[in-house]
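Asks: Got model38.txt for you, compact mmCIF, C-alpha atoms and all ligand atoms:
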```txt
# COMPACT_ATOMS: atom_id res chain seq x y z
CA MET A 167 64.28 -25.39 101.36
CA ALA A 168 61.02 -26.41 103.01
CA HIS A 169 59.68 -24.00 105.62
CA TYR A 170 60.19 -25.19 109.21
CA LYS A 171 57.89 -23.73 111.86
CA ALA A 172 60.35 -24.70 114.61
CA TYR A 173 62.76 -22.09 113.26
CA THR A 174 60.30 -19.22 113.51
CA ASN A 175 60.48 -19.13 117.33
CA CYS A 176 63.58 -21.18 117.92
CA THR A 177 63.62 -23.22 121.12
CA LEU A 178 65.49 -26.15 119.61
CA CYS A 179 68.12 -26.14 122.33
CA PRO A 180 68.14 -25.13 126.00
CA ARG A 181 69.22 -21.57 125.09
CA LYS A 182 65.60 -21.02 123.97
CA CYS A 183 66.45 -17.84 122.06
CA GLY A 184 62.87 -17.54 120.77
CA ILE A 185 63.98 -15.81 117.58
CA ASN A 186 63.04 -16.31 113.95
CA ARG A 187 66.07 -17.96 112.37
CA TYR A 188 64.88 -17.03 108.89
CA GLU A 189 65.54 -13.41 109.87
CA LYS A 190 68.29 -13.41 112.49
CA THR A 191 70.55 -15.66 114.46
CA GLY A 192 70.58 -16.56 118.14
CA PHE A 193 73.20 -17.90 120.51
CA CYS A 194 74.39 -20.57 118.05
CA LEU A 195 74.87 -17.89 115.35
CA MET A 196 73.44 -20.19 112.70
CA GLY A 197 70.62 -19.50 110.27
CA ALA A 198 68.03 -22.02 109.17
CA LEU A 199 70.02 -23.82 106.50
CA PRO A 200 72.56 -26.37 107.76
CA GLU A 201 76.18 -25.61 106.93
CA VAL A 202 78.44 -28.63 106.50
CA ASN A 203 82.12 -27.88 107.02
CA LEU A 204 83.47 -31.26 106.07
CA TYR A 205 82.33 -34.80 105.38
CA MET A 206 84.66 -37.76 105.23
CA LEU A 207 85.36 -41.35 106.20
CA HIS A 208 86.68 -40.83 109.71
CA HIS A 209 88.77 -43.19 111.80
CA GLY A 210 88.96 -41.28 115.08
CA GLU A 211 85.85 -42.60 116.83
CA GLU A 212 85.54 -45.61 119.12
CA PRO A 213 86.08 -49.03 117.42
CA PRO A 214 82.36 -50.01 117.18
CA ILE A 215 81.85 -46.80 115.17
CA SER A 216 85.10 -46.40 113.19
CA GLY A 217 85.90 -50.09 112.79
CA LEU A 218 88.01 -52.52 114.72
CA LEU A 219 91.67 -51.76 115.07
CA GLY A 220 94.10 -54.25 113.59
CA THR A 221 91.77 -55.43 110.84
CA GLU A 222 92.33 -54.99 107.13
CA ASP A 223 88.95 -53.29 106.69
CA LYS A 224 89.52 -49.60 107.46
CA ARG A 225 86.60 -47.90 105.73
CA GLY A 226 85.58 -45.82 108.73
CA SER A 227 82.60 -43.81 109.89
CA GLY A 228 80.81 -41.57 107.38
CA THR A 229 81.17 -38.38 109.35
CA VAL A 230 79.43 -35.09 108.60
CA PHE A 231 80.66 -32.06 110.56
CA PHE A 232 78.05 -29.33 110.98
CA GLU A 233 79.07 -25.75 111.72
CA GLY A 234 77.87 -23.92 114.84
CA CYS A 235 76.98 -25.18 118.28
CA SER A 236 74.56 -24.27 121.03
CA LEU A 237 77.34 -24.57 123.58
CA LYS A 238 80.27 -22.21 123.56
CA CYS A 239 82.81 -24.17 125.58
CA ILE A 240 85.76 -21.87 126.10
CA PHE A 241 88.12 -24.83 125.69
CA CYS A 242 86.39 -26.20 122.56
CA GLN A 243 88.56 -28.67 120.65
CA ASN A 244 86.57 -28.02 117.44
CA SER A 245 86.49 -24.24 117.78
CA LYS A 246 87.30 -23.66 114.11
CA ILE A 247 83.78 -24.73 113.20
CA SER A 248 81.75 -24.48 116.41
CA GLN A 249 81.77 -20.73 116.97
CA GLY A 250 79.44 -19.86 114.08
CA PRO A 251 79.58 -19.98 110.27
CA THR A 252 83.09 -20.11 108.81
CA GLY A 253 82.00 -18.95 105.37
CA LYS A 254 83.80 -22.01 103.98
CA GLY A 255 81.08 -24.56 104.67
CA GLU A 256 78.56 -25.90 102.19
CA ARG A 257 74.96 -24.85 102.74
CA ALA A 258 72.89 -28.00 102.47
CA ASP A 259 69.14 -28.55 102.56
CA ALA A 260 67.60 -31.91 103.47
CA GLU A 261 67.95 -33.28 99.94
CA ARG A 262 71.62 -32.32 99.66
CA LEU A 263 72.33 -33.80 103.10
CA ALA A 264 70.64 -37.03 102.02
CA ASP A 265 72.89 -37.12 98.94
CA ILE A 266 75.95 -36.69 101.17
CA TYR A 267 74.87 -39.61 103.38
CA LEU A 268 74.31 -41.81 100.33
CA GLU A 269 77.68 -40.81 98.86
CA LEU A 270 79.38 -41.81 102.12
CA GLN A 271 77.47 -45.10 102.13
CA ASP A 272 78.64 -45.74 98.55
CA LYS A 273 82.24 -45.14 99.71
CA GLY A 274 81.83 -47.93 102.25
CA ALA A 275 81.01 -46.02 105.45
CA TYR A 276 79.97 -48.25 108.33
CA ASN A 277 77.50 -45.65 109.52
CA ILE A 278 76.48 -42.03 109.08
CA ASN A 279 77.85 -39.96 111.94
CA LEU A 280 76.29 -36.51 112.30
CA VAL A 281 78.49 -34.28 114.42
CA THR A 282 76.72 -31.47 116.31
CA PRO A 283 73.60 -31.38 114.14
CA MET A 284 70.94 -30.64 116.77
CA HIS A 285 70.58 -26.89 116.10
CA PHE A 286 69.37 -28.02 112.65
CA ALA A 287 67.20 -30.88 114.00
CA PRO A 288 64.12 -30.38 111.78
CA VAL A 289 66.16 -30.35 108.56
CA VAL A 290 68.31 -33.23 109.76
CA ALA A 291 65.19 -35.30 110.50
CA ASP A 292 63.97 -34.68 106.95
CA SER A 293 67.40 -35.47 105.53
CA ILE A 294 67.50 -38.89 107.21
CA LYS A 295 63.98 -39.67 105.96
CA ALA A 296 65.01 -38.65 102.42
CA ALA A 297 68.20 -40.71 102.59
CA LYS A 298 66.29 -43.77 103.77
CA ARG A 299 63.88 -43.34 100.87
CA GLY A 300 66.94 -43.15 98.62
CA GLY A 301 68.42 -46.42 99.90
CA LEU A 302 70.34 -45.59 103.10
CA THR A 303 70.64 -48.81 105.10
CA ILE A 304 73.62 -48.24 107.41
CA PRO A 305 73.03 -47.02 110.99
CA VAL A 306 72.68 -43.30 111.65
CA ALA A 307 74.54 -41.86 114.65
CA VAL A 308 74.16 -38.44 116.25
CA ASN A 309 77.16 -37.01 118.04
CA THR A 310 76.32 -34.12 120.40
CA GLY A 311 77.61 -32.03 123.28
CA GLY A 312 74.86 -33.40 125.51
CA TYR A 313 73.15 -30.01 125.99
CA GLU A 314 69.93 -30.80 124.20
CA GLU A 315 66.20 -30.32 124.51
CA VAL A 316 64.19 -33.53 124.80
CA SER A 317 61.57 -32.09 122.40
CA SER A 318 64.25 -31.70 119.70
CA LEU A 319 65.52 -35.23 120.24
CA LYS A 320 61.97 -36.49 119.77
CA LEU A 321 62.07 -35.08 116.21
CA LEU A 322 64.68 -37.78 115.49
CA GLU A 323 62.82 -40.68 117.10
CA GLY A 324 62.87 -43.74 114.86
CA LEU A 325 65.50 -42.15 112.60
CA VAL A 326 68.63 -42.37 114.75
CA ASP A 327 70.14 -45.70 115.77
CA ILE A 328 73.09 -44.54 117.83
CA TYR A 329 73.62 -41.52 120.05
CA MET A 330 77.10 -40.38 121.05
CA PRO A 331 76.59 -37.56 123.54
CA ASP A 332 79.24 -35.95 125.67
CA PHE A 333 78.73 -35.57 129.37
CA LYS A 334 81.12 -32.69 129.95
CA VAL A 335 80.70 -31.33 133.46
CA TRP A 336 78.59 -32.15 136.51
CA ASP A 337 79.07 -29.11 138.74
CA SER A 338 76.87 -26.13 137.83
CA LYS A 339 79.49 -23.57 138.88
CA ILE A 340 82.08 -25.10 136.56
CA SER A 341 79.61 -25.50 133.67
CA GLY A 342 78.52 -21.88 134.09
CA GLN A 343 82.13 -20.75 134.02
CA ILE A 344 83.42 -22.78 131.07
CA LEU A 345 80.32 -23.76 129.03
CA HIS A 346 78.19 -20.66 129.75
CA ALA A 347 75.53 -23.17 130.83
CA PRO A 348 74.95 -23.57 134.59
CA ASP A 349 72.06 -25.92 133.76
CA TYR A 350 74.29 -28.19 131.64
CA ALA A 351 74.12 -31.30 133.86
CA ASP A 352 70.34 -31.07 134.36
CA LYS A 353 69.80 -30.81 130.62
CA ALA A 354 72.33 -33.55 129.84
CA VAL A 355 70.68 -35.97 132.29
CA SER A 356 67.27 -35.47 130.65
CA ALA A 357 68.75 -35.65 127.15
CA LEU A 358 70.65 -38.89 127.83
CA ARG A 359 67.53 -40.50 129.30
CA GLU A 360 65.62 -39.61 126.13
CA MET A 361 68.42 -40.85 123.88
CA PHE A 362 68.53 -44.16 125.74
CA ARG A 363 64.74 -44.46 125.60
CA GLN A 364 65.00 -44.19 121.82
CA THR A 365 67.89 -46.57 121.21
CA GLY A 366 67.68 -49.10 124.03
CA PRO A 367 70.76 -51.07 125.15
CA VAL A 368 73.83 -51.41 122.95
CA ASP A 369 73.56 -53.88 120.11
CA ILE A 370 76.80 -54.96 118.44
CA ASP A 371 76.97 -57.00 115.24
CA PRO A 372 78.81 -60.14 116.37
CA ASP A 373 80.39 -60.63 112.93
CA THR A 374 81.85 -57.15 112.49
CA GLY A 375 82.05 -55.74 116.02
CA LEU A 376 80.25 -52.64 114.73
CA MET A 377 77.46 -50.97 116.65
CA ARG A 378 73.95 -51.29 115.28
CA LYS A 379 72.10 -49.49 118.07
CA GLY A 380 72.73 -47.89 121.43
CA MET A 381 74.58 -45.10 123.13
CA ILE A 382 78.21 -44.19 123.74
CA VAL A 383 78.65 -41.44 126.31
CA ARG A 384 81.95 -39.57 126.07
CA HIS A 385 83.56 -37.75 128.92
CA LEU A 386 86.64 -35.67 128.23
CA MET A 387 88.39 -35.31 131.56
CA LEU A 388 89.32 -31.76 132.49
CA PRO A 389 92.57 -30.98 134.30
CA GLY A 390 92.23 -31.04 138.08
CA LYS A 391 88.54 -32.02 138.04
CA LEU A 392 88.75 -35.68 138.98
CA PHE A 393 85.95 -35.25 141.55
CA ASP A 394 83.64 -33.98 138.80
CA THR A 395 84.52 -36.91 136.54
CA LYS A 396 83.62 -39.30 139.37
CA LYS A 397 80.19 -37.71 139.78
CA ILE A 398 79.51 -38.23 136.08
CA ILE A 399 80.69 -41.85 136.32
CA ASP A 400 78.39 -42.33 139.34
CA PHE A 401 75.41 -41.11 137.32
CA LEU A 402 76.19 -43.08 134.17
CA THR A 403 76.94 -46.37 135.88
CA GLY A 404 74.02 -45.99 138.30
CA GLU A 405 71.50 -45.11 135.61
CA PHE A 406 72.60 -47.15 132.58
CA GLY A 407 75.50 -49.41 133.60
CA ASN A 408 76.58 -51.81 130.90
CA ASP A 409 73.54 -51.05 128.74
CA ILE A 410 75.68 -48.23 127.33
CA PHE A 411 79.33 -47.69 126.50
CA ILE A 412 81.25 -45.11 128.49
CA SER A 413 84.24 -43.57 126.75
CA LEU A 414 86.66 -41.88 129.11
CA MET A 415 88.98 -39.53 127.26
CA SER A 416 92.27 -38.08 128.37
CA GLN A 417 93.28 -35.94 125.39
CA TYR A 418 92.22 -32.52 126.69
CA THR A 419 94.51 -29.98 125.02
CA PRO A 420 94.67 -26.28 125.94
CA MET A 421 93.73 -24.63 122.65
CA PRO A 422 95.50 -21.48 121.36
CA HIS A 423 92.21 -19.51 121.48
CA LEU A 424 91.98 -19.83 125.29
CA THR A 425 91.87 -16.28 126.60
CA SER A 426 94.15 -15.10 129.38
CA ASP A 427 91.18 -14.82 131.75
CA ALA A 428 90.25 -18.51 131.28
CA PRO A 429 90.51 -20.43 134.54
CA ASP A 430 94.01 -21.69 135.20
CA PHE A 431 92.98 -25.33 135.30
CA LEU A 432 92.16 -25.17 131.56
CA LYS A 433 95.75 -24.18 130.75
CA ARG A 434 97.14 -27.59 131.68
CA THR A 435 96.66 -31.16 130.53
CA VAL A 436 95.17 -33.98 132.60
CA PRO A 437 97.70 -35.53 134.96
CA PRO A 438 98.19 -39.22 134.00
CA GLY A 439 97.59 -40.20 137.64
CA HIS A 440 94.11 -38.64 137.51
CA TYR A 441 93.25 -40.44 134.31
CA ASP A 442 94.36 -43.75 135.81
CA SER A 443 92.31 -43.07 138.96
CA ALA A 444 89.21 -42.33 136.90
CA SER A 445 89.72 -45.49 134.81
CA ASP A 446 90.05 -47.57 137.99
CA TYR A 447 86.94 -45.92 139.44
CA LEU A 448 84.96 -46.79 136.31
CA ILE A 449 86.10 -50.40 136.47
CA ASP A 450 85.39 -50.61 140.22
CA LYS A 451 81.82 -49.56 139.43
CA GLY A 452 81.52 -52.72 137.35
CA GLN A 453 81.59 -50.99 133.95
CA THR A 454 82.90 -53.42 131.37
CA ASN A 455 81.41 -51.61 128.36
CA ALA A 456 84.03 -48.89 128.51
CA PHE A 457 86.71 -47.31 126.37
CA VAL A 458 89.77 -45.98 128.08
CA GLN A 459 92.80 -44.46 126.40
CA ASP A 460 96.49 -44.54 126.80
CA SER A 461 97.13 -41.43 128.90
CA SER A 462 99.75 -40.38 126.31
CA SER A 463 97.02 -39.61 123.73
CA GLN A 464 97.03 -35.90 124.59
CA GLY A 465 97.53 -33.48 121.71
CA ASP A 466 95.63 -32.31 118.68
CA LEU A 467 96.29 -35.24 116.33
CA LEU A 468 92.67 -36.40 116.53
CA ILE A 469 91.22 -33.03 115.48
CA PRO A 470 90.24 -33.09 111.77
CA ALA A 471 91.55 -30.49 109.31
CA PHE A 472 88.49 -28.22 109.21
CA LYS A 473 88.00 -25.50 106.60
CA ASP A 474 88.25 -22.06 108.23
S1 LIG B 1 69.32 -23.67 118.26
FE1 LIG B 1 70.42 -21.69 118.19
S2 LIG B 1 68.83 -20.11 117.87
FE2 LIG B 1 67.79 -22.03 118.52
S3 LIG B 1 67.53 -21.85 120.73
FE3 LIG B 1 69.48 -22.93 120.38
S4 LIG B 1 71.09 -21.37 120.30
FE4 LIG B 1 69.10 -20.34 120.08
```
For this file, produce the structure as structure tokens.
Ligand code: SF4
Replies:
Amino acid sequence: MAHYKAYTNCTLCPRKCGINRYEKTGFCLMGALPEVNLYMLHHGEEPPISGLLGTEDKRGSGTVFFEGCSLKCIFCQNSKISQGPTGKGERADAERLADIYLELQDKGAYNINLVTPMHFAPVVADSIKAAKRGGLTIPVAVNTGGYEEVSSLKLLEGLVDIYMPDFKVWDSKISGQILHAPDYADKAVSALREMFRQTGPVDIDPDTGLMRKGMIVRHLMLPGKLFDTKKIIDFLTGEFGNDIFISLMSQYTPMPHLTSDAPDFLKRTVPPGHYDSASDYLIDKGQTNAFVQDSSSQGDLLIPAFKD
């Protein structure tokens, strides 16, 4: 693998560990070489990414799941692969990642969808460049937790067409308690502004309904935190409005790894009435570029079968 200076004093994410990832690991527990847990044609994203429901064409999004994460959400829905290396993933340098993207394109993927890749940003940037040299033509999407450094996002400028960040929590007390990141909202606001600067407003192919450029911001509602959801909606609609998609998700599921000292609100699901209120609030704000779910979509059916 090429030598990446950014890894020698790692400040790729807001944790700013300042360690040499060729020698040790920091908060994300990941070394320098990306580890891919799984790659597949995936149908669980929003329709402009995974394909339109009800059509014959069901090829899906070419999704690559990276191991590790710079957040450690105590309620993580992908905890099998986010808490550090599983030992079951494939170590992949930029050239191998490029081959994976091209393989997914050959299988008919509508796009390449990189899930939680930012702690490997320098290698990922090189991998996209290599894939484009090798014939990658479909859009590249980056799917993140929203807790990113603007300087790392700039490494991907001109390479990423679509960003799909989460905006998890607004209140710093809650984000400190459940994400171990009291500065989450401040960092997410800056990161989303940078992502939007790079992609511009949403651009949908009128023939296929698939997204060519733009941003989809996901918010997974947390039980009993409707007021926090509304603050996030206020920011997103006030700042970006219908230039982005907002995806409001109801499927929060208390995971088995939740410890007994986790706050009680995380041990429940989202009341359907709260989800309906949030959906109405979003619509009242004039947001028509929005995805809302049936409030019965709670459960773990949308979580892929990761190797662990
Ligand atoms: S990417 Fe990992 S090692 Fe680097 S600053 Fe973030 S948590 Fe620390």
Asks: With 8 Å of padding per side, what axis-aligned box (centre and edge lengths, Å, one decimal) covers all the listed atoms of ligand LIG 1 (chain B)? Give it as JSON.
Replies:
```
{"center_x": 69.3, "center_y": -21.9, "center_z": 119.3, "size_x": 19.6, "size_y": 19.6, "size_z": 18.9}
```
Asks: In Å to one decimal, how far is CA of Tyr267 (chain A) from CA of Lys334 (chain A)?
Replies: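 The value is 28.2 Å.
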Asks: Would you kindly return, as a list in words, each protein, DNA or RNA residue with an atom no farther than 10 Å from any atom of Asn279 (chain A), considering only C-alpha atoms and excluding same-chain residues fewer than 4 positions away?
Replies: Tyr205, Met206, Leu207, His208, Glu211, Ile215, Ser216, Ser227, Gly228, Thr229, Val230, Phe231, Tyr267, Ala275, Pro283, Pro305, Val306, Ala307, Val308, Asn309, Val326, Ile328, Tyr329 and Met330 of chain A
Asks: Rounded to one decimal place, report the CA of Thr252 (chain A)-atom S4 of ligand LIG 1 (chain B) distance in Å.
Replies: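 Calculated distance between CA of Thr252 (chain A) and atom S4 of ligand LIG 1 (chain B) is 16.7 Å.
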Asks: Taking all atoms listed in the file into account, which residues are within 10 Å of ligand LIG 1 (chain B), as a PDB file with C-alpha atoms, in the frame of the given file?
Replies:
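Written file, out-v8.pdb:
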```pdb
ATOM      1  CA  ALA A 172      60.350 -24.700 114.610  1.00  0.00           C
ATOM      2  CA  TYR A 173      62.760 -22.090 113.260  1.00  0.00           C
ATOM      3  CA  THR A 174      60.300 -19.220 113.510  1.00  0.00           C
ATOM      4  CA  ASN A 175      60.480 -19.130 117.330  1.00  0.00           C
ATOM      5  CA  CYS A 176      63.580 -21.180 117.920  1.00  0.00           C
ATOM      6  CA  THR A 177      63.620 -23.220 121.120  1.00  0.00           C
ATOM      7  CA  LEU A 178      65.490 -26.150 119.610  1.00  0.00           C
ATOM      8  CA  CYS A 179      68.120 -26.140 122.330  1.00  0.00           C
ATOM      9  CA  PRO A 180      68.140 -25.130 126.000  1.00  0.00           C
ATOM     10  CA  ARG A 181      69.220 -21.570 125.090  1.00  0.00           C
ATOM     11  CA  LYS A 182      65.600 -21.020 123.970  1.00  0.00           C
ATOM     12  CA  CYS A 183      66.450 -17.840 122.060  1.00  0.00           C
ATOM     13  CA  GLY A 184      62.870 -17.540 120.770  1.00  0.00           C
ATOM     14  CA  ILE A 185      63.980 -15.810 117.580  1.00  0.00           C
ATOM     15  CA  ASN A 186      63.040 -16.310 113.950  1.00  0.00           C
ATOM     16  CA  ARG A 187      66.070 -17.960 112.370  1.00  0.00           C
ATOM     17  CA  LYS A 190      68.290 -13.410 112.490  1.00  0.00           C
ATOM     18  CA  THR A 191      70.550 -15.660 114.460  1.00  0.00           C
ATOM     19  CA  GLY A 192      70.580 -16.560 118.140  1.00  0.00           C
ATOM     20  CA  PHE A 193      73.200 -17.900 120.510  1.00  0.00           C
ATOM     21  CA  CYS A 194      74.390 -20.570 118.050  1.00  0.00           C
ATOM     22  CA  LEU A 195      74.870 -17.890 115.350  1.00  0.00           C
ATOM     23  CA  MET A 196      73.440 -20.190 112.700  1.00  0.00           C
ATOM     24  CA  GLY A 197      70.620 -19.500 110.270  1.00  0.00           C
ATOM     25  CA  ALA A 198      68.030 -22.020 109.170  1.00  0.00           C
ATOM     26  CA  GLY A 234      77.870 -23.920 114.840  1.00  0.00           C
ATOM     27  CA  CYS A 235      76.980 -25.180 118.280  1.00  0.00           C
ATOM     28  CA  SER A 236      74.560 -24.270 121.030  1.00  0.00           C
ATOM     29  CA  LEU A 237      77.340 -24.570 123.580  1.00  0.00           C
ATOM     30  CA  LYS A 238      80.270 -22.210 123.560  1.00  0.00           C
ATOM     31  CA  PRO A 283      73.600 -31.380 114.140  1.00  0.00           C
ATOM     32  CA  MET A 284      70.940 -30.640 116.770  1.00  0.00           C
ATOM     33  CA  HIS A 285      70.580 -26.890 116.100  1.00  0.00           C
ATOM     34  CA  PHE A 286      69.370 -28.020 112.650  1.00  0.00           C
ATOM     35  CA  ALA A 287      67.200 -30.880 114.000  1.00  0.00           C
ATOM     36  CA  TYR A 313      73.150 -30.010 125.990  1.00  0.00           C
ATOM     37  CA  GLU A 314      69.930 -30.800 124.200  1.00  0.00           C
ATOM     38  CA  GLU A 315      66.200 -30.320 124.510  1.00  0.00           C
ATOM     39  CA  SER A 318      64.250 -31.700 119.700  1.00  0.00           C
TER      40      SER A 318
END
```
Asks: For region 395-403 of chain A, please output as a ChimeraX atom specification all residues within 8 Å (counting only C-alpha atoms; exclusion window: fewer than 6 positions along the same chain).
Replies: /A:333,335-336,385,387,412,444,447-448,451-453
Asks: For the atom pair CA of Ala258 (chain A) and CA of Pro200 (chain A), what is the interatomic distance in Å to one decimal place?
Replies: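 Computed distance, CA of Ala258 (chain A) to CA of Pro200 (chain A), equals 5.5 Å.
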Asks: Can you work out which one of A:Gly404, A:Pro372, A:Gly342, A:Gly366 has the shortest atom-to-atom distance to Cys239 (chain A), counting all atoms listed in the file?
Replies: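 Between A:Gly404, A:Pro372, A:Gly342, A:Gly366, the residue approaching Cys239 (chain A) most closely is A:Gly342.
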Asks: Just want the 10 Å neighbourhood of Asp352 (chain A), counted on only C-alpha atoms, with same-chain residues fewer than 2 positions away dropped. Output as an NGL selection string.
Replies: :A and (313 or 336-338 or 348-350 or 354-357)
Asks: Give me, as a ChimeraX atom specification, all polymer residues having an atom no more than 8 Å from region 420-437 of chain A, counting only C-alpha atoms and skipping those fewer than 5 positions away in the same chain.
Replies: /A:240-243,387-390,464
Asks: Let me make sure I understand: among A:Ile370, A:Leu414, A:Leu325, A:Leu376, which one has the smallest atom-to-atom distance to Leu392 (chain A) if we use all atoms listed in the file?
Replies: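 Smallest distance to Leu392 (chain A) is found for A:Leu414.
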Asks: Neighbours of Ile410 (chain A) within 8 Å (all atoms listed in the file; same-chain residues fewer than 2 positions away dropped), as a ChimeraX atom specification?
Replies: /A:367-368,380-383,406-408,412,455
Asks: Under the rule that all atoms listed in the file are counted, which of A:Thr303, A:Gly312, A:Asn203, A:Asp292 is the nearest residue to Gly253 (chain A)?
Replies: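 Of A:Thr303, A:Gly312, A:Asn203, A:Asp292, the one nearest Gly253 (chain A), counting all atoms listed in the file, is A:Asn203.
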Asks: Could you tell me which of A:Lys295, A:Lys246, A:Lys339, A:Arg257 comes closest to Val202 (chain A) if we count all atoms listed in the file?
Replies: A:Arg257
Asks: Write region 366-381 of chain A as a CSV table (one decimal), in the frame of the given file, completed to N, CA and C atoms.
Replies:
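Printed below is rebuild_5.csv as written:
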```csv
chain,number,residue,atom,x,y,z
A,366,GLY,N,67.6,-47.9,123.2
A,366,GLY,CA,67.7,-49.1,124.0
A,366,GLY,C,69.1,-49.5,124.2
A,367,PRO,N,69.4,-50.7,124.8
A,367,PRO,CA,70.8,-51.1,125.2
A,367,PRO,C,71.6,-51.3,123.9
A,368,VAL,N,72.9,-51.3,124.1
A,368,VAL,CA,73.8,-51.4,123.0
A,368,VAL,C,73.6,-52.7,122.3
A,369,ASP,N,73.7,-52.7,120.9
A,369,ASP,CA,73.6,-53.9,120.1
A,369,ASP,C,74.7,-53.9,119.1
A,370,ILE,N,75.6,-54.9,119.3
A,370,ILE,CA,76.8,-55.0,118.4
A,370,ILE,C,76.6,-56.1,117.5
A,371,ASP,N,77.0,-55.9,116.2
A,371,ASP,CA,77.0,-57.0,115.2
A,371,ASP,C,78.1,-58.0,115.6
A,372,PRO,N,77.8,-59.2,115.9
A,372,PRO,CA,78.8,-60.1,116.4
A,372,PRO,C,79.8,-60.5,115.3
A,373,ASP,N,79.5,-60.3,114.0
A,373,ASP,CA,80.4,-60.6,112.9
A,373,ASP,C,81.4,-59.5,112.7
A,374,THR,N,81.0,-58.3,112.8
A,374,THR,CA,81.8,-57.2,112.5
A,374,THR,C,82.4,-56.4,113.7
A,375,GLY,N,81.7,-56.5,114.8
A,375,GLY,CA,82.0,-55.7,116.0
A,375,GLY,C,81.5,-54.3,115.9
A,376,LEU,N,80.7,-54.0,114.9
A,376,LEU,CA,80.2,-52.6,114.7
A,376,LEU,C,78.9,-52.5,115.4
A,377,MET,N,78.7,-51.3,115.9
A,377,MET,CA,77.5,-51.0,116.6
A,377,MET,C,76.3,-50.8,115.7
A,378,ARG,N,75.2,-51.5,116.1
A,378,ARG,CA,74.0,-51.3,115.3
A,378,ARG,C,73.0,-50.3,116.0
A,379,LYS,N,73.0,-50.4,117.3
A,379,LYS,CA,72.1,-49.5,118.1
A,379,LYS,C,72.7,-49.2,119.4
A,380,GLY,N,72.3,-48.1,120.1
A,380,GLY,CA,72.7,-47.9,121.4
A,380,GLY,C,73.4,-46.5,121.6
A,381,MET,N,74.1,-46.4,122.7
A,381,MET,CA,74.6,-45.1,123.1
A,381,MET,C,76.0,-45.2,123.6
```
